[in-house]
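The structure file upload.txt is reproduced below (compact mmCIF, C-alpha atoms (C1' of nucleotides)).
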```txt
# COMPACT_ATOMS: atom_id res chain seq x y z
CA MET A 1 -18.48 -116.34 -24.73
CA LYS A 2 -18.81 -113.52 -27.26
CA LYS A 3 -19.72 -116.06 -29.89
CA ASP A 4 -23.16 -116.38 -28.31
CA TYR A 5 -23.51 -112.64 -28.35
CA ILE A 6 -22.72 -112.57 -32.04
CA PHE A 7 -25.05 -115.42 -32.72
CA ASN A 8 -27.92 -113.55 -31.12
CA ILE A 9 -27.25 -110.49 -33.21
CA ILE A 10 -27.41 -112.53 -36.38
CA LYS A 11 -30.45 -114.32 -35.10
CA SER A 12 -32.37 -111.14 -34.48
CA SER A 13 -31.38 -109.49 -37.74
CA LYS A 14 -33.81 -109.61 -40.60
CA GLU A 15 -31.03 -109.20 -43.13
CA PRO A 16 -27.61 -110.73 -43.71
CA LEU A 17 -24.84 -108.86 -41.92
CA THR A 18 -21.20 -108.28 -42.70
CA ALA A 19 -18.45 -108.92 -40.17
CA ASP A 20 -18.10 -105.20 -39.84
CA ASP A 21 -21.82 -104.69 -39.25
CA ILE A 22 -21.63 -107.21 -36.46
CA TYR A 23 -18.47 -105.72 -35.04
CA THR A 24 -20.11 -102.32 -34.85
CA LEU A 25 -23.27 -103.70 -33.29
CA VAL A 26 -21.42 -105.65 -30.63
CA LEU A 27 -19.23 -102.68 -29.78
CA LYS A 28 -22.29 -100.72 -28.72
CA ASP A 29 -22.67 -102.99 -25.72
CA ILE A 30 -19.45 -104.77 -25.01
CA ASN A 31 -15.83 -104.50 -25.98
CA ILE A 32 -14.63 -106.83 -28.70
CA ASN A 33 -11.90 -107.24 -31.25
CA LEU A 34 -12.50 -107.69 -34.95
CA SER A 35 -10.52 -110.93 -34.99
CA THR A 36 -12.80 -112.31 -32.37
CA VAL A 37 -15.75 -111.45 -34.56
CA TYR A 38 -14.21 -113.27 -37.49
CA ARG A 39 -13.19 -116.23 -35.41
CA SER A 40 -16.64 -116.56 -33.90
CA LEU A 41 -18.25 -116.23 -37.28
CA ASN A 42 -16.02 -118.93 -38.75
CA SER A 43 -16.79 -121.15 -35.83
CA LEU A 44 -20.54 -120.66 -36.24
CA VAL A 45 -20.24 -121.40 -39.93
CA LYS A 46 -18.26 -124.54 -39.27
CA GLN A 47 -20.81 -125.81 -36.80
CA GLY A 48 -23.50 -125.10 -39.36
CA THR A 49 -25.38 -122.58 -37.29
CA ILE A 50 -24.94 -119.73 -39.68
CA GLN A 51 -24.20 -119.40 -43.35
CA LYS A 52 -21.60 -117.29 -45.09
CA VAL A 53 -22.29 -115.92 -48.54
CA ILE A 54 -19.89 -113.88 -50.64
CA HIS A 55 -21.71 -111.19 -52.54
CA GLN A 56 -20.59 -109.55 -55.75
CA ASP A 57 -19.13 -106.73 -53.71
CA LYS A 58 -16.68 -109.40 -52.55
CA ILE A 59 -17.69 -109.09 -48.94
CA ALA A 60 -18.92 -111.95 -46.81
CA TYR A 61 -22.45 -111.71 -45.45
CA TYR A 62 -23.61 -113.86 -42.58
CA GLU A 63 -27.09 -115.06 -41.85
CA LEU A 64 -28.85 -117.79 -39.98
CA THR A 65 -28.72 -121.13 -41.70
CA ASN A 66 -32.17 -121.54 -43.06
CA THR A 67 -33.37 -124.78 -41.69
CA ASN A 68 -36.65 -124.94 -43.51
CA SER A 69 -36.93 -122.38 -46.25
CA HIS A 70 -33.71 -121.01 -47.62
CA LYS A 71 -33.25 -117.45 -48.66
CA HIS A 72 -31.67 -115.42 -51.39
CA THR A 73 -30.51 -111.89 -51.55
CA LEU A 74 -31.99 -108.94 -53.35
CA ILE A 75 -29.45 -106.18 -53.79
CA CYS A 76 -30.53 -102.73 -54.81
CA ASP A 77 -27.96 -101.32 -57.20
CA VAL A 78 -29.09 -97.82 -56.36
CA CYS A 79 -29.06 -97.65 -52.57
CA LYS A 80 -27.08 -100.86 -52.03
CA ALA A 81 -29.59 -102.13 -49.51
CA THR A 82 -29.98 -105.87 -49.26
CA TYR A 83 -33.23 -107.71 -48.78
CA SER A 84 -33.99 -111.36 -48.49
CA THR A 85 -36.51 -113.44 -50.27
CA SER A 86 -37.49 -117.02 -49.88
CA ILE A 87 -38.80 -117.11 -53.39
CA CYS A 88 -36.80 -119.72 -55.24
CA ASP A 89 -37.62 -122.47 -57.58
CA ILE A 90 -34.20 -123.95 -57.84
CA GLU A 91 -35.40 -127.39 -56.94
CA SER A 92 -36.64 -127.96 -60.42
CA ILE A 93 -33.58 -126.36 -61.96
CA SER A 94 -31.31 -128.62 -59.94
CA LYS A 95 -33.21 -131.63 -61.14
CA LYS A 96 -32.89 -130.49 -64.69
CA ILE A 97 -29.17 -129.93 -64.31
CA LYS A 98 -28.70 -133.37 -62.87
CA LYS A 99 -30.62 -134.95 -65.67
CA GLU A 100 -28.86 -133.08 -68.46
CA THR A 101 -25.30 -132.84 -67.16
CA GLY A 102 -24.96 -135.46 -64.44
CA PHE A 103 -23.84 -132.79 -62.00
CA ASP A 104 -25.18 -133.35 -58.49
CA VAL A 105 -26.26 -130.01 -57.10
CA THR A 106 -26.05 -129.97 -53.32
CA SER A 107 -26.35 -126.24 -52.71
CA HIS A 108 -26.58 -122.97 -54.53
CA MET A 109 -26.59 -119.25 -54.01
CA ILE A 110 -28.38 -116.63 -55.98
CA GLU A 111 -27.90 -112.92 -55.95
CA PHE A 112 -30.53 -110.79 -57.59
CA HIS A 113 -29.58 -107.29 -58.61
CA GLY A 114 -32.01 -104.57 -59.43
CA VAL A 115 -33.85 -101.61 -58.01
CA CYS A 116 -35.80 -101.71 -54.79
CA PRO A 117 -39.28 -100.20 -54.57
CA LYS A 118 -38.05 -97.23 -52.55
CA CYS A 119 -35.42 -96.23 -55.08
CA LYS A 120 -37.80 -96.83 -57.91
CA LYS A 121 -40.18 -94.34 -56.38
CA GLU A 122 -37.47 -91.76 -55.82
CA LEU A 123 -36.17 -92.18 -59.33
CA SER A 124 -39.61 -91.65 -60.79
CA ASN A 125 -39.95 -88.36 -58.90
CA LYS A 126 -37.07 -86.78 -60.80
CA MET B 1 -3.00 -103.76 -77.69
CA LYS B 2 -2.84 -106.61 -75.20
CA LYS B 3 -6.49 -106.07 -74.37
CA ASP B 4 -7.41 -107.69 -77.68
CA TYR B 5 -5.18 -110.58 -76.89
CA ILE B 6 -6.91 -111.07 -73.57
CA PHE B 7 -10.29 -110.73 -75.15
CA ASN B 8 -9.50 -113.54 -77.58
CA ILE B 9 -8.41 -115.83 -74.79
CA ILE B 10 -11.68 -115.28 -72.99
CA LYS B 11 -13.56 -115.67 -76.20
CA SER B 12 -12.04 -119.02 -76.98
CA SER B 13 -12.38 -120.40 -73.49
CA LYS B 14 -15.30 -122.66 -72.73
CA GLU B 15 -15.18 -121.79 -69.04
CA PRO B 16 -14.90 -118.62 -66.99
CA LEU B 17 -11.29 -117.67 -66.28
CA THR B 18 -9.62 -115.90 -63.39
CA ALA B 19 -7.24 -113.00 -63.90
CA ASP B 20 -4.45 -115.35 -62.97
CA ASP B 21 -5.56 -117.98 -65.48
CA ILE B 22 -5.47 -115.34 -68.15
CA TYR B 23 -2.15 -113.96 -67.01
CA THR B 24 -0.61 -117.42 -67.26
CA LEU B 25 -2.12 -118.08 -70.66
CA VAL B 26 -0.94 -114.78 -72.12
CA LEU B 27 2.54 -115.27 -70.72
CA LYS B 28 2.97 -118.38 -72.83
CA ASP B 29 3.07 -116.22 -75.94
CA ILE B 30 3.88 -112.68 -75.03
CA ASN B 31 5.22 -110.76 -72.09
CA ILE B 32 2.68 -109.04 -69.90
CA ASN B 33 2.23 -107.64 -66.43
CA LEU B 34 -0.54 -108.66 -64.06
CA SER B 35 -1.71 -105.05 -63.71
CA THR B 36 -2.16 -104.89 -67.45
CA VAL B 37 -4.30 -107.98 -67.25
CA TYR B 38 -6.49 -106.44 -64.58
CA ARG B 39 -6.71 -103.13 -66.36
CA SER B 40 -7.68 -104.77 -69.63
CA LEU B 41 -10.22 -106.91 -67.87
CA ASN B 42 -11.78 -103.93 -66.15
CA SER B 43 -11.90 -102.08 -69.41
CA LEU B 44 -13.61 -104.98 -71.16
CA VAL B 45 -16.12 -105.22 -68.35
CA LYS B 46 -16.83 -101.52 -68.50
CA GLN B 47 -17.44 -101.64 -72.23
CA GLY B 48 -19.77 -104.57 -71.65
CA THR B 49 -17.82 -107.05 -73.69
CA ILE B 50 -17.14 -109.42 -70.84
CA GLN B 51 -18.72 -110.11 -67.52
CA LYS B 52 -17.12 -110.39 -64.10
CA VAL B 53 -18.57 -112.71 -61.52
CA ILE B 54 -17.32 -113.14 -57.97
CA HIS B 55 -17.55 -116.73 -56.87
CA GLN B 56 -17.82 -118.00 -53.34
CA ASP B 57 -14.08 -118.52 -53.34
CA LYS B 58 -13.97 -114.73 -53.47
CA ILE B 59 -12.13 -114.69 -56.75
CA ALA B 60 -13.35 -112.90 -59.84
CA TYR B 61 -14.09 -115.01 -62.89
CA TYR B 62 -14.36 -113.48 -66.33
CA GLU B 63 -16.40 -114.71 -69.24
CA LEU B 64 -17.94 -113.42 -72.42
CA THR B 65 -21.07 -111.43 -71.87
CA ASN B 66 -23.79 -113.76 -72.93
CA THR B 67 -25.72 -111.88 -75.47
CA ASN B 68 -28.42 -114.41 -76.06
CA SER B 69 -28.43 -117.18 -73.48
CA HIS B 70 -26.83 -116.42 -70.19
CA LYS B 71 -24.88 -118.92 -68.18
CA HIS B 72 -24.39 -120.03 -64.64
CA THR B 73 -21.63 -121.84 -62.93
CA LEU B 74 -21.48 -125.36 -61.62
CA ILE B 75 -18.71 -125.77 -59.09
CA CYS B 76 -17.56 -129.22 -58.05
CA ASP B 77 -16.78 -129.13 -54.34
CA VAL B 78 -14.55 -132.14 -54.72
CA CYS B 79 -12.21 -131.29 -57.58
CA LYS B 80 -13.05 -127.57 -57.69
CA ALA B 81 -13.62 -127.67 -61.42
CA THR B 82 -16.10 -125.19 -62.82
CA TYR B 83 -18.60 -125.89 -65.56
CA SER B 84 -21.17 -123.72 -67.16
CA THR B 85 -24.80 -124.34 -67.79
CA SER B 86 -27.37 -122.33 -69.57
CA ILE B 87 -30.13 -124.04 -67.66
CA CYS B 88 -31.93 -121.35 -65.74
CA ASP B 89 -35.49 -120.54 -65.13
CA ILE B 90 -34.98 -117.29 -63.34
CA GLU B 91 -37.30 -115.41 -65.60
CA SER B 92 -40.28 -116.74 -63.81
CA ILE B 93 -38.66 -116.25 -60.43
CA SER B 94 -37.89 -112.64 -61.23
CA LYS B 95 -41.45 -112.06 -62.19
CA LYS B 96 -42.64 -113.59 -58.97
CA ILE B 97 -40.26 -111.44 -56.95
CA LYS B 98 -41.45 -108.32 -58.65
CA LYS B 99 -45.02 -109.20 -58.04
CA GLU B 100 -44.57 -110.09 -54.38
CA THR B 101 -41.95 -107.59 -53.24
CA GLY B 102 -41.94 -104.81 -55.82
CA PHE B 103 -38.23 -105.33 -56.35
CA ASP B 104 -37.20 -104.89 -59.97
CA VAL B 105 -34.71 -107.61 -60.81
CA THR B 106 -32.37 -106.52 -63.59
CA SER B 107 -29.72 -109.21 -63.29
CA HIS B 108 -28.76 -112.16 -61.18
CA MET B 109 -26.02 -114.67 -60.64
CA ILE B 110 -26.30 -118.21 -59.50
CA GLU B 111 -23.63 -120.49 -58.27
CA PHE B 112 -24.44 -124.17 -57.99
CA HIS B 113 -22.29 -126.31 -55.74
CA GLY B 114 -22.17 -130.05 -55.81
CA VAL B 115 -20.29 -132.98 -57.21
CA CYS B 116 -19.42 -133.38 -60.86
CA PRO B 117 -19.97 -136.69 -62.67
CA LYS B 118 -16.25 -137.48 -62.74
CA CYS B 119 -15.81 -137.09 -58.99
CA LYS B 120 -19.01 -138.96 -58.35
CA LYS B 121 -17.63 -141.90 -60.27
CA GLU B 122 -14.31 -141.80 -58.46
CA LEU B 123 -16.01 -141.54 -55.10
CA SER B 124 -18.17 -144.54 -55.82
CA ASN B 125 -15.08 -146.61 -56.63
CA LYS B 126 -13.77 -146.33 -53.08
C1' DC C 1 -7.12 -125.28 -6.20
C1' DT C 2 -4.62 -126.42 -10.47
C1' DA C 3 -3.56 -127.82 -15.07
C1' DA C 4 -5.09 -127.88 -19.88
C1' DA C 5 -8.22 -125.98 -23.12
C1' DA C 6 -10.75 -122.38 -25.10
C1' DA C 7 -11.43 -117.52 -25.91
C1' DC C 8 -9.35 -113.08 -26.74
C1' DG C 9 -6.70 -109.06 -28.17
C1' DC C 10 -3.19 -107.07 -30.86
C1' DA C 11 -0.15 -106.72 -34.50
C1' DA C 12 1.57 -108.57 -38.51
C1' DA C 13 0.68 -111.40 -42.64
C1' DT C 14 -2.17 -112.70 -46.73
C1' DG C 15 -3.83 -112.50 -51.28
C1' DA C 16 -6.59 -110.63 -54.92
C1' DT C 17 -7.10 -106.32 -56.91
C1' DT C 18 -6.11 -101.37 -57.50
C1' DT C 19 -3.38 -97.24 -58.10
C1' DG C 20 0.40 -93.77 -58.59
C1' DC C 21 4.02 -92.71 -61.36
C1' DA C 22 7.46 -93.02 -64.81
C1' DT C 23 8.26 -94.96 -69.49
C1' DT C 24 7.10 -96.81 -73.90
C1' DT C 25 4.00 -97.07 -77.84
C1' DA C 26 0.52 -95.50 -80.92
C1' DG C 27 -2.02 -91.95 -83.23
C1' DT C 28 -2.69 -87.47 -85.19
C1' DT C 29 -1.61 -83.17 -87.13
C1' DA C 30 1.30 -79.80 -89.29
C1' DT D 1 8.91 -87.08 -91.28
C1' DA D 2 9.05 -84.47 -86.99
C1' DA D 3 6.66 -83.07 -82.96
C1' DC D 4 3.13 -83.59 -79.67
C1' DT D 5 -0.61 -85.78 -77.01
C1' DA D 6 -3.18 -89.64 -75.48
C1' DA D 7 -3.33 -94.38 -74.49
C1' DA D 8 -1.05 -98.53 -72.98
C1' DT D 9 2.20 -100.74 -69.99
C1' DG D 10 5.35 -102.10 -66.26
C1' DC D 11 6.74 -101.90 -61.57
C1' DA D 12 6.26 -101.08 -56.91
C1' DA D 13 3.55 -99.66 -53.32
C1' DA D 14 -1.14 -99.32 -51.45
C1' DT D 15 -5.81 -101.37 -50.31
C1' DC D 16 -8.99 -103.91 -47.82
C1' DA D 17 -11.39 -107.82 -46.01
C1' DT D 18 -9.95 -111.70 -43.75
C1' DT D 19 -6.59 -114.75 -41.47
C1' DT D 20 -2.95 -116.08 -38.36
C1' DG D 21 0.81 -116.22 -34.83
C1' DC D 22 1.57 -115.46 -30.28
C1' DG D 23 1.21 -114.04 -25.73
C1' DT D 24 -2.45 -113.23 -22.12
C1' DT D 25 -6.84 -113.93 -19.86
C1' DT D 26 -10.85 -116.67 -18.89
C1' DT D 27 -13.24 -120.97 -18.54
C1' DT D 28 -13.62 -125.76 -17.59
C1' DA D 29 -12.56 -130.29 -15.87
C1' DG D 30 -10.50 -133.14 -12.37
```
Is it possible to give me this structure as structure tokens?
Amino acid sequence: MKKDYIFNIIKSSKEPLTADDIYTLVLKDININLSTVYRSLNSLVKQGTIQKVIHQDKIAYYELTNTNSHKHTLICDVCKATYSTSICDIESISKKIKKETGFDVTSHMIEFHGVCPKCKKELSNK
Amino acid sequence: MKKDYIFNIIKSSKEPLTADDIYTLVLKDININLSTVYRSLNSLVKQGTIQKVIHQDKIAYYELTNTNSHKHTLICDVCKATYSTSICDIESISKKIKKETGFDVTSHMIEFHGVCPKCKKELSNK
DNA sequence: CTAAAAACGCAAATGATTTGCATTTAGTTA
DNA sequence: TAACTAAATGCAAATCATTTGCGTTTTTAG
């Protein structure tokens, strides 16, 4: 099943991948159709194995469901690279929200935009 | 100029609106085309007057650029209603990220998912 | 081995958003 | 006020990531 293949790719990636990233990666080894990629991805999401996050570029990124520590994305607005961080103190924010608004927060996603160290260095050289 | 009209609608709305929300609202008073809505919206975003945020439903929501306190969205996964909150302690998180990864965070967006008080009440009545 | 289910591929459909182009409106100058 | 140019608008077609219908192939259970 190509789903397993896709799962392994996501598993071994340090960063969240788009459907197209995955499609390209799989194609290097075996033949596959984009619909199959999407169907597998949706299936993995449904079974809770992976997580789908829509970024501000409107594209879905897939990554392993973080069992213990969850992750958030750092997006460099210069080179567009994405990084992950587990830094997050939402727990306390969620509590505060619940207390002040009565809204029960069950999950959240954060996207940080900025400039990565590499681009910062390059920019300072100009 | 219909852009001003659209701006006022966004200004007087308590919650972020989609292009379609705005289109429908404007249509109640004057005639307008969806492309005009999108063009006006893009123009307002470019001039920094309003802010565009892509939610996990992959749809763009528009709201006033928060000059002083910025806002984040609470999305009820039951009734799909969206609320805003200004509760956010990202400042300290951003600092931590910069210190630990060197990534310069310039902006961020958070989407909280959960159950709103109204739905919670209805659910508990079943 | 055989029938039903699951996985696949391919092409067409979707839906929000964008864009090209022709037309109307607004603004400016002579 | 007339004449001209730029900006705003409408309409239809184009985009692009993602989904879906349908026919075919592969896998699985009995």
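Going from CA of Phe112 in chain A to CA of Gln47 in chain B covers 21.7 Å.
Pairwise distance (CA of Ile6 in chain A, CA of Cys116 in chain A) equals 28.4 Å.
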Residue list for chain A near chain C as a ChimeraX atom specification, 12 Å, only C-alpha atoms (C1' of nucleotides): /A:1-3,31-40,43,58
Chain A contacts to chain B at 8 Å (all atoms listed in the file) as number ranges by chain: A: 53-58, 74, 85, 87-89, 93, 96-97, 101-117
Preceding selection exported with C-alpha atoms as a PDB file, in the frame of the given file:
```pdb
ATOM      1  CA  VAL A  53     -22.290-115.920 -48.540  1.00  0.00           C
ATOM      2  CA  ILE A  54     -19.890-113.880 -50.640  1.00  0.00           C
ATOM      3  CA  HIS A  55     -21.710-111.190 -52.540  1.00  0.00           C
ATOM      4  CA  GLN A  56     -20.590-109.550 -55.750  1.00  0.00           C
ATOM      5  CA  ASP A  57     -19.130-106.730 -53.710  1.00  0.00           C
ATOM      6  CA  LYS A  58     -16.680-109.400 -52.550  1.00  0.00           C
ATOM      7  CA  LEU A  74     -31.990-108.940 -53.350  1.00  0.00           C
ATOM      8  CA  THR A  85     -36.510-113.440 -50.270  1.00  0.00           C
ATOM      9  CA  ILE A  87     -38.800-117.110 -53.390  1.00  0.00           C
ATOM     10  CA  CYS A  88     -36.800-119.720 -55.240  1.00  0.00           C
ATOM     11  CA  ASP A  89     -37.620-122.470 -57.580  1.00  0.00           C
ATOM     12  CA  ILE A  93     -33.580-126.360 -61.960  1.00  0.00           C
ATOM     13  CA  LYS A  96     -32.890-130.490 -64.690  1.00  0.00           C
ATOM     14  CA  ILE A  97     -29.170-129.930 -64.310  1.00  0.00           C
ATOM     15  CA  THR A 101     -25.300-132.840 -67.160  1.00  0.00           C
ATOM     16  CA  GLY A 102     -24.960-135.460 -64.440  1.00  0.00           C
ATOM     17  CA  PHE A 103     -23.840-132.790 -62.000  1.00  0.00           C
ATOM     18  CA  ASP A 104     -25.180-133.350 -58.490  1.00  0.00           C
ATOM     19  CA  VAL A 105     -26.260-130.010 -57.100  1.00  0.00           C
ATOM     20  CA  THR A 106     -26.050-129.970 -53.320  1.00  0.00           C
ATOM     21  CA  SER A 107     -26.350-126.240 -52.710  1.00  0.00           C
ATOM     22  CA  HIS A 108     -26.580-122.970 -54.530  1.00  0.00           C
ATOM     23  CA  MET A 109     -26.590-119.250 -54.010  1.00  0.00           C
ATOM     24  CA  ILE A 110     -28.380-116.630 -55.980  1.00  0.00           C
ATOM     25  CA  GLU A 111     -27.900-112.920 -55.950  1.00  0.00           C
ATOM     26  CA  PHE A 112     -30.530-110.790 -57.590  1.00  0.00           C
ATOM     27  CA  HIS A 113     -29.580-107.290 -58.610  1.00  0.00           C
ATOM     28  CA  GLY A 114     -32.010-104.570 -59.430  1.00  0.00           C
ATOM     29  CA  VAL A 115     -33.850-101.610 -58.010  1.00  0.00           C
ATOM     30  CA  CYS A 116     -35.800-101.710 -54.790  1.00  0.00           C
ATOM     31  CA  PRO A 117     -39.280-100.200 -54.570  1.00  0.00           C
TER      32      PRO A 117
END
```
Kindly provide the residues of chain D that approach chain B to within 8 Å, each paired with its closest atom pair and their distance in Å to one decimal, based on all atoms listed in the file, listed by chain and increasing number, as CSV.
```
residue,atom,partner,partner_atom,distance
D:DA8,C1',B:Met1,CA,7.3
D:DT9,C1',B:Thr36,CA,6.5
D:DG10,C1',B:Asn33,CA,6.4
```
Atom-to-atom span, CA of Glu63 in chain B and CA of Gln51 in chain B, Å: 5.4 Å
Exercise: Lys14 in chain B partners within 12 Å, all atoms listed in the file, chain neighbours under 3 positions left out, as a ChimeraX atom specification: /B:8-11,17,62-64,71,73,82-85
Grab the residues selected above and save them as a short mmCIF file (atom, residue, chain, number, x, y, z; two decimals), in the frame of the given file with C-alpha atoms.
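File part.cif, as written:
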```cif
data_model
loop_
_atom_site.label_atom_id
_atom_site.label_comp_id
_atom_site.auth_asym_id
_atom_site.auth_seq_id
_atom_site.Cartn_x
_atom_site.Cartn_y
_atom_site.Cartn_z
CA ASN B 8 -9.50 -113.54 -77.58
CA ILE B 9 -8.41 -115.83 -74.79
CA ILE B 10 -11.68 -115.28 -72.99
CA LYS B 11 -13.56 -115.67 -76.20
CA LEU B 17 -11.29 -117.67 -66.28
CA TYR B 62 -14.36 -113.48 -66.33
CA GLU B 63 -16.40 -114.71 -69.24
CA LEU B 64 -17.94 -113.42 -72.42
CA LYS B 71 -24.88 -118.92 -68.18
CA THR B 73 -21.63 -121.84 -62.93
CA THR B 82 -16.10 -125.19 -62.82
CA TYR B 83 -18.60 -125.89 -65.56
CA SER B 84 -21.17 -123.72 -67.16
CA THR B 85 -24.80 -124.34 -67.79
#
```
